[in-house]
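Colleague: This one is run23.cif, mmCIF, C-alpha atoms.
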data_structure
#
loop_
_atom_site.label_atom_id
_atom_site.label_comp_id
_atom_site.auth_asym_id
_atom_site.auth_seq_id
_atom_site.Cartn_x
_atom_site.Cartn_y
_atom_site.Cartn_z
CA MET A 1 -14.44 -12.23 1.08
CA THR A 2 -16.28 -9.07 2.09
CA ASP A 3 -15.34 -5.89 3.97
CA ASP A 4 -17.32 -7.12 6.95
CA THR A 5 -15.37 -10.39 7.07
CA ILE A 6 -12.01 -8.66 6.71
CA GLU A 7 -12.91 -6.11 9.39
CA LYS A 8 -13.97 -8.84 11.83
CA VAL A 9 -10.76 -10.81 11.27
CA LEU A 10 -8.58 -7.71 11.65
CA MET A 11 -10.43 -6.69 14.82
CA CYS A 12 -10.19 -10.20 16.29
CA ILE A 13 -6.41 -10.27 15.90
CA VAL A 14 -6.01 -6.61 16.95
CA ALA A 15 -4.44 -5.85 13.58
CA VAL A 16 -3.35 -2.32 14.47
CA ASN A 17 -0.81 -3.86 16.87
CA ASN A 18 -0.10 -7.22 15.24
CA VAL A 19 -0.29 -7.20 11.44
CA LYS A 20 2.96 -6.41 9.64
CA ARG A 21 1.94 -7.48 6.13
CA LEU A 22 -1.44 -7.58 4.44
CA LYS A 23 -2.16 -8.82 0.94
CA LEU A 24 -5.69 -8.71 -0.52
CA THR A 25 -5.23 -11.17 -3.38
CA ASN A 26 -8.55 -12.05 -5.10
CA CYS A 27 -10.62 -9.81 -2.80
CA PHE A 28 -12.59 -8.34 -5.70
CA ARG A 29 -15.73 -7.47 -3.72
CA ILE A 30 -14.24 -5.29 -1.01
CA THR A 31 -14.45 -1.50 -0.96
CA GLY A 32 -11.71 -1.07 1.62
CA ALA A 33 -14.01 -0.15 4.51
CA GLY A 34 -13.02 -3.40 6.23
CA LEU A 35 -9.45 -2.14 6.61
CA GLU A 36 -10.53 0.32 9.31
CA PRO A 37 -8.92 -1.75 12.12
CA LEU A 38 -5.52 -0.90 10.59
CA ARG A 39 -6.09 2.82 11.14
CA GLY A 40 -3.05 4.39 12.82
CA SER A 41 -0.90 1.25 12.76
CA ALA A 42 2.73 1.94 13.54
CA ILE A 43 3.88 -1.62 12.79
CA ILE A 44 2.43 -2.50 9.39
CA GLU A 45 5.25 -2.76 6.84
CA GLN A 46 3.54 -3.96 3.66
CA ILE A 47 0.07 -3.39 2.23
CA ASP A 48 -0.82 -4.93 -1.13
CA LEU A 49 -4.15 -3.62 -2.43
CA SER A 50 -3.49 -4.76 -5.99
CA ILE A 51 -6.05 -7.62 -5.78
CA VAL A 52 -3.87 -9.83 -8.00
CA GLY A 53 -1.16 -12.31 -7.05
CA GLU A 54 2.54 -11.96 -7.70
CA HIS A 55 3.51 -11.86 -11.38
CA GLU A 56 -0.16 -11.73 -12.48
CA ASN A 57 -1.45 -9.23 -15.01
CA PRO A 58 -2.86 -6.26 -13.03
CA ASP A 59 -5.44 -5.58 -15.76
CA ILE A 60 -7.88 -8.27 -14.62
CA GLY A 61 -10.68 -7.38 -17.04
CA GLN A 62 -13.07 -6.31 -14.30
CA PHE A 63 -13.22 -3.36 -11.99
CA PRO A 64 -12.44 -4.20 -8.38
CA MET A 65 -14.69 -2.39 -5.93
CA ILE A 66 -11.85 -1.07 -3.74
CA LEU A 67 -12.28 2.69 -3.38
CA CYS A 68 -9.75 5.45 -2.83
CA ASP A 69 -12.12 7.39 -0.58
CA ARG A 70 -12.39 4.38 1.76
CA VAL A 71 -8.73 3.37 1.82
CA LEU A 72 -6.73 6.60 1.55
CA PRO A 73 -7.85 8.01 4.95
CA ILE A 74 -6.70 4.75 6.57
CA LEU A 75 -3.37 4.88 4.72
CA ASP A 76 -2.96 8.55 5.66
CA SER A 77 -3.43 7.66 9.34
CA ILE A 78 -0.59 5.14 8.98
CA VAL A 79 1.75 7.41 6.99
CA GLU A 80 1.21 10.36 9.35
CA ARG A 81 2.00 8.35 12.45
CA GLU A 82 5.34 8.96 14.16
CA GLY A 83 7.53 5.90 13.77
CA CYS A 84 5.57 4.60 10.79
CA ALA A 85 7.02 1.23 9.71
CA LEU A 86 5.41 1.13 6.25
CA LYS A 87 7.95 0.03 3.61
CA HIS A 88 5.93 -1.19 0.66
CA THR A 89 2.50 -0.32 -0.70
CA GLN A 90 1.01 -1.68 -3.88
CA PHE A 91 -2.13 -0.13 -5.34
CA PRO A 92 -4.90 -1.48 -7.59
CA TYR A 93 -4.28 -1.11 -11.31
CA LEU A 94 -7.51 0.87 -11.63
CA TRP A 95 -6.05 3.61 -9.44
CA ARG A 96 -2.81 3.66 -11.44
CA CYS A 97 -3.96 3.26 -15.05
CA VAL A 98 -4.88 6.92 -15.67
CA PRO A 99 -2.46 9.40 -14.07
CA SER A 100 -4.18 12.51 -12.73
CA THR A 101 -2.39 15.23 -10.78
CA GLU A 102 -5.80 16.42 -9.53
CA SER A 103 -6.82 13.11 -7.91
CA ASP A 104 -6.89 12.23 -4.21
CA PHE A 105 -4.67 9.26 -5.08
CA HIS A 106 -2.01 11.56 -6.56
CA ALA A 107 -2.14 13.77 -3.46
CA PHE A 108 -1.66 10.68 -1.29
CA CYS A 109 1.33 9.60 -3.41
CA ARG A 110 2.91 12.98 -2.74
CA ARG A 111 2.36 12.61 1.03
CA TYR A 112 3.74 9.06 0.91
CA ASN A 113 6.83 10.27 -0.97
CA GLN A 114 7.32 12.98 1.68
CA MET A 115 7.16 10.32 4.41
CA TRP A 116 10.03 8.47 2.67
CA ARG A 117 12.09 11.66 2.22
CA ASN A 118 11.78 12.31 5.96
CA ARG A 119 13.31 8.94 6.90
CA GLU A 120 17.01 8.78 7.71
CA GLU A 121 17.74 5.13 6.93
CA ILE A 122 15.58 2.62 5.10
CA ARG A 123 16.06 -1.15 5.19
CA CYS A 124 14.55 -3.99 3.16
CA LEU A 125 11.65 -5.93 4.68
CA GLY A 126 13.27 -9.31 4.10
CA CYS A 127 17.04 -9.12 4.03
CA ASN A 128 17.49 -5.89 6.00
CA SER A 129 19.74 -4.44 3.28
CA ARG A 130 19.92 -0.68 3.20
CA LEU A 131 17.78 0.87 0.45
CA PRO A 132 18.65 4.15 -1.29
CA THR A 133 17.58 7.31 0.53
CA GLY A 134 17.10 10.86 -0.55
CA GLY A 135 15.28 9.84 -3.72
CA ASN A 136 12.66 12.15 -5.07
CA GLN A 137 9.88 9.63 -5.54
CA TRP A 138 9.13 6.33 -3.87
CA ILE A 139 5.73 6.14 -5.51
CA GLU A 140 6.03 7.09 -9.19
CA THR A 141 3.99 10.22 -9.98
CA GLY A 142 5.11 10.63 -13.60
CA THR A 143 3.31 8.92 -16.45
CA TYR A 144 5.59 5.87 -16.65
CA ARG A 145 4.60 3.28 -14.00
CA TYR A 146 2.33 5.83 -12.31
CA GLY A 147 1.43 4.84 -8.75
CA SER A 148 4.03 2.05 -8.56
CA GLN A 149 6.53 1.87 -5.74
CA ARG A 150 10.21 2.18 -6.61
CA HIS A 151 13.36 1.37 -4.59
CA THR A 152 12.12 -1.97 -3.26
CA CYS A 153 14.01 -5.23 -2.86
CA TYR A 154 11.24 -7.40 -4.35
CA ASP A 155 13.18 -10.66 -3.94
CA CYS A 156 12.86 -10.41 -0.18
CA LEU A 157 9.16 -9.59 0.14
CA SER A 158 7.07 -12.38 1.61
CA THR A 159 3.56 -12.41 2.95
CA THR A 160 2.77 -13.28 6.53
CA VAL A 161 -0.90 -12.25 6.50
CA THR A 162 -2.93 -12.97 3.40
CA ALA A 163 -6.63 -12.41 2.75
CA ALA A 164 -7.99 -14.53 -0.04
#
Any chance you could put this one into structure tokens?

Modeller:
Amino acid sequence: MTDDTIEKVLMCIVAVNNVKRLKLTNCFRITGAGLEPLRGSAIIEQIDLSIVGEHENPDIGQFPMILCDRVLPILDSIVEREGCALKHTQFPYLWRCVPSTESDFHAFCRRYNQMWRNREEIRCLGCNSRLPTGGNQWIETGTYRYGSQRHTCYDCLSTTVTAA
């Protein structure tokens, strides 16, 4: 699958208003430019950019082409939006494997964490259970599990839109 294909599909289904969950499993050749139709979405709840399936080793032995400078502006437009519904974001291993406080990715993690701190009540995607609030970090910015989301009810996550 290519960015062009993903962009056409997302445009065709008016993704900004209709897609709640997006998973890019095995989309090794995309840069992220095809995610542009999601810009400013207030309804998307889950974005999985990890490129691998559930319970698969994130170190896939090759470098996926997905780029921070293509994806982060789109994610920022979602996070900054009033009433943002985003509850779970998973990032490519390549972005997470070397923590850097000077990176654009780290700066985004800080903005994402601030979005979570500003929410009053947070509920699980699947079972609607209340998740802990007031936590310092939703995306880990320390060296252990850097760039990984915390405070998520993983048993309830399911995918309704999958790109493969």

Colleague: Near range 49-51 of chain A, within 8 Å and counting all atoms listed in the file, which residues show up once chain neighbours fewer than 5 positions away are dropped, as a PDB file with C-alpha atoms, in the frame of the given file?

Modeller:
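Output below, filename out-v5.pdb:
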ATOM      1  CA  LYS A  23      -2.160  -8.820   0.940  1.00  0.00           C
ATOM      2  CA  LEU A  24      -5.690  -8.710  -0.520  1.00  0.00           C
ATOM      3  CA  THR A  25      -5.230 -11.170  -3.380  1.00  0.00           C
ATOM      4  CA  ASN A  26      -8.550 -12.050  -5.100  1.00  0.00           C
ATOM      5  CA  CYS A  27     -10.620  -9.810  -2.800  1.00  0.00           C
ATOM      6  CA  PHE A  28     -12.590  -8.340  -5.700  1.00  0.00           C
ATOM      7  CA  PRO A  58      -2.860  -6.260 -13.030  1.00  0.00           C
ATOM      8  CA  PRO A  64     -12.440  -4.200  -8.380  1.00  0.00           C
ATOM      9  CA  THR A  89       2.500  -0.320  -0.700  1.00  0.00           C
ATOM     10  CA  GLN A  90       1.010  -1.680  -3.880  1.00  0.00           C
ATOM     11  CA  PHE A  91      -2.130  -0.130  -5.340  1.00  0.00           C
ATOM     12  CA  PRO A  92      -4.900  -1.480  -7.590  1.00  0.00           C
ATOM     13  CA  TYR A  93      -4.280  -1.110 -11.310  1.00  0.00           C
TER      14      TYR A  93
END

Colleague: At what distance in Å, to one decimal, does CA of Arg29 in chain A lie from CA of Ser41 in chain A?

Modeller: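 Answer for the CA of Ser41 in chain A to CA of Arg29 in chain A separation: 23.8 Å.
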
Colleague: Starting from the PyMOL selection byres ((chain A and resi 39) around 8), expand the selection into actual residues of this file and give them as a PyMOL selection string.

Modeller: chain A and resi 16+35-38+40-41+74-75+77-78

Colleague: For a quick check of understanding, using all atoms listed in the file, which of A:Ile6, A:Arg96, A:Cys84, A:Asp76 has the smallest distance to Leu22 in chain A?

Modeller: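 Result for the nearest residue to Leu22 in chain A: A:Ile6.
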
Colleague: So what do you get for CA of Glu45 in chain A versus CA of Arg21 in chain A, distance-wise?

Modeller: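 One can read the CA of Glu45 in chain A to CA of Arg21 in chain A distance as 5.8 Å.
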
Colleague: Which neighbours of Gly142 in chain A fall inside 12 Å, counting all atoms listed in the file, when residues of the same chain fewer than 5 positions from it are skipped, and could you give them as a VMD selection string?

Modeller: chain A and resid 96 to 101 106 109 to 110 136 to 137 147 to 149

Colleague: Hey, what's within 12 Å of Asp69 in chain A if we count only C-alpha atoms and toss same-chain stuff fewer than 5 positions away? As a list of chain:residue names, please?

Modeller: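 In the requested format, the answer is A:Thr31, A:Gly32, A:Ala33, A:Ile74, A:Leu75, A:Asp76, A:Trp95, A:Ser103, A:Asp104, A:Phe105, A:Phe108.
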
Colleague: To one decimal place in Å, what is the distance between CA of Arg70 in chain A and CA of Trp116 in chain A?

Modeller: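 Those two atoms sit 22.8 Å apart.
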
Colleague: Exactly which residues make up the result of the PyMOL selection byres ((chain A and resi 19) around 10) on this file, given as an MDAnalysis selection string?

Modeller: chainID A and resid 10 13:18 20:22 38 41:47 160:161

Colleague: For a quick check of understanding, using all atoms listed in the file, which of A:Cys127, A:Glu82, A:Leu94, A:Leu72 has the smallest distance to Ala107 in chain A?

Modeller: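 Going through A:Cys127, A:Glu82, A:Leu94, A:Leu72 one by one, the smallest distance to Ala107 in chain A is for A:Leu72.
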
Colleague: Taking only C-alpha atoms into account, which of A:Met115, A:Val9, A:Ile139, A:Val52 comes nearest Ala85 in chain A?

Modeller: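 Result for the nearest residue to Ala85 in chain A: A:Met115.
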
Colleague: Could you check which of A:Asp48, A:Tyr144, A:Met1, A:Lys8 is closest to Leu86 in chain A, using all atoms listed in the file?

Modeller: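 For Leu86 in chain A, the nearest of the candidates is A:Asp48.
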
Colleague: Compare A:Arg119, A:Gly83, A:Thr143, A:Ile30 by their minimum atom-to-atom distance to Asp4 in chain A, counting only C-alpha atoms, and give me the closest one.

Modeller: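 The answer is A:Ile30, which sits nearest to Asp4 in chain A.
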
Colleague: Can range 81-92 of chain A be brought up to all heavy atoms and written out as an mmCIF file, keeping the file's coordinate frame?

Modeller:
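Everything below was put into result21.cif:
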data_model
loop_
_atom_site.group_PDB
_atom_site.id
_atom_site.type_symbol
_atom_site.label_atom_id
_atom_site.label_comp_id
_atom_site.auth_asym_id
_atom_site.auth_seq_id
_atom_site.Cartn_x
_atom_site.Cartn_y
_atom_site.Cartn_z
ATOM 1 N N ARG A 81 1.634 8.771 11.097
ATOM 2 C CA ARG A 81 2.000 8.350 12.450
ATOM 3 C C ARG A 81 3.509 8.395 12.657
ATOM 4 O O ARG A 81 4.280 7.924 11.826
ATOM 5 C CB ARG A 81 1.479 6.948 12.708
ATOM 6 C CG ARG A 81 1.810 6.493 14.094
ATOM 7 C CD ARG A 81 0.856 5.518 14.598
ATOM 8 N NE ARG A 81 1.333 5.119 15.909
ATOM 9 C CZ ARG A 81 0.570 4.651 16.825
ATOM 10 N NH1 ARG A 81 -0.700 4.513 16.603
ATOM 11 N NH2 ARG A 81 1.072 4.303 17.985
ATOM 12 N N GLU A 82 3.925 8.954 13.794
ATOM 13 C CA GLU A 82 5.340 8.960 14.160
ATOM 14 C C GLU A 82 5.832 7.530 14.291
ATOM 15 O O GLU A 82 5.170 6.688 14.876
ATOM 16 C CB GLU A 82 5.532 9.699 15.479
ATOM 17 C CG GLU A 82 6.942 9.710 15.939
ATOM 18 C CD GLU A 82 7.457 11.109 16.164
ATOM 19 O OE1 GLU A 82 6.709 12.073 16.025
ATOM 20 O OE2 GLU A 82 8.650 11.196 16.456
ATOM 21 N N GLY A 83 6.972 7.242 13.712
ATOM 22 C CA GLY A 83 7.530 5.900 13.770
ATOM 23 C C GLY A 83 6.881 4.928 12.803
ATOM 24 O O GLY A 83 7.002 3.715 12.966
ATOM 25 N N CYS A 84 6.221 5.440 11.794
ATOM 26 C CA CYS A 84 5.570 4.600 10.790
ATOM 27 C C CYS A 84 6.555 3.584 10.227
ATOM 28 O O CYS A 84 7.661 3.929 9.829
ATOM 29 C CB CYS A 84 5.035 5.500 9.667
ATOM 30 S SG CYS A 84 4.458 4.624 8.215
ATOM 31 N N ALA A 85 6.148 2.307 10.183
ATOM 32 C CA ALA A 85 7.020 1.230 9.710
ATOM 33 C C ALA A 85 6.771 0.863 8.256
ATOM 34 O O ALA A 85 7.463 0.010 7.707
ATOM 35 C CB ALA A 85 6.831 -0.007 10.589
ATOM 36 N N LEU A 86 5.806 1.494 7.606
ATOM 37 C CA LEU A 86 5.410 1.130 6.250
ATOM 38 C C LEU A 86 6.594 1.221 5.288
ATOM 39 O O LEU A 86 7.283 2.230 5.218
ATOM 40 C CB LEU A 86 4.278 2.039 5.779
ATOM 41 C CG LEU A 86 3.515 1.617 4.534
ATOM 42 C CD1 LEU A 86 2.887 0.233 4.710
ATOM 43 C CD2 LEU A 86 2.428 2.637 4.220
ATOM 44 N N LYS A 87 6.827 0.105 4.550
ATOM 45 C CA LYS A 87 7.950 0.030 3.610
ATOM 46 C C LYS A 87 7.516 -0.258 2.186
ATOM 47 O O LYS A 87 8.255 0.015 1.257
ATOM 48 C CB LYS A 87 8.937 -1.056 4.059
ATOM 49 C CG LYS A 87 9.599 -0.778 5.377
ATOM 50 C CD LYS A 87 10.531 -1.895 5.768
ATOM 51 C CE LYS A 87 11.175 -1.619 7.104
ATOM 52 N NZ LYS A 87 12.088 -2.692 7.498
ATOM 53 N N HIS A 88 6.348 -0.843 2.015
ATOM 54 C CA HIS A 88 5.930 -1.190 0.660
ATOM 55 C C HIS A 88 4.405 -1.136 0.559
ATOM 56 O O HIS A 88 3.701 -1.723 1.376
ATOM 57 C CB HIS A 88 6.410 -2.593 0.291
ATOM 58 C CG HIS A 88 6.085 -2.959 -1.111
ATOM 59 N ND1 HIS A 88 4.996 -3.714 -1.453
ATOM 60 C CD2 HIS A 88 6.697 -2.646 -2.281
ATOM 61 C CE1 HIS A 88 4.959 -3.860 -2.770
ATOM 62 N NE2 HIS A 88 5.985 -3.226 -3.285
ATOM 63 N N THR A 89 3.932 -0.419 -0.432
ATOM 64 C CA THR A 89 2.500 -0.320 -0.700
ATOM 65 C C THR A 89 2.288 -0.558 -2.180
ATOM 66 O O THR A 89 2.981 0.015 -3.013
ATOM 67 C CB THR A 89 1.948 1.074 -0.310
ATOM 68 O OG1 THR A 89 2.338 1.356 1.029
ATOM 69 C CG2 THR A 89 0.447 1.123 -0.413
ATOM 70 N N GLN A 90 1.339 -1.411 -2.489
ATOM 71 C CA GLN A 90 1.010 -1.680 -3.880
ATOM 72 C C GLN A 90 -0.480 -1.380 -4.069
ATOM 73 O O GLN A 90 -1.316 -1.847 -3.301
ATOM 74 C CB GLN A 90 1.303 -3.137 -4.228
ATOM 75 C CG GLN A 90 1.263 -3.383 -5.707
ATOM 76 C CD GLN A 90 1.963 -4.686 -6.058
ATOM 77 O OE1 GLN A 90 2.798 -5.193 -5.333
ATOM 78 N NE2 GLN A 90 1.594 -5.235 -7.201
ATOM 79 N N PHE A 91 -0.773 -0.622 -5.116
ATOM 80 C CA PHE A 91 -2.130 -0.130 -5.340
ATOM 81 C C PHE A 91 -2.820 -0.866 -6.480
ATOM 82 O O PHE A 91 -2.165 -1.405 -7.369
ATOM 83 C CB PHE A 91 -2.082 1.369 -5.653
ATOM 84 C CG PHE A 91 -1.474 2.177 -4.547
ATOM 85 C CD1 PHE A 91 -0.174 2.643 -4.652
ATOM 86 C CD2 PHE A 91 -2.180 2.439 -3.395
ATOM 87 C CE1 PHE A 91 0.403 3.375 -3.633
ATOM 88 C CE2 PHE A 91 -1.615 3.170 -2.360
ATOM 89 C CZ PHE A 91 -0.316 3.642 -2.484
ATOM 90 N N PRO A 92 -4.154 -0.846 -6.489
ATOM 91 C CA PRO A 92 -4.900 -1.480 -7.590
ATOM 92 C C PRO A 92 -4.571 -0.808 -8.924
ATOM 93 O O PRO A 92 -4.358 0.410 -8.997
ATOM 94 C CB PRO A 92 -6.364 -1.232 -7.225
ATOM 95 C CG PRO A 92 -6.379 -0.907 -5.778
ATOM 96 C CD PRO A 92 -5.051 -0.283 -5.471
#
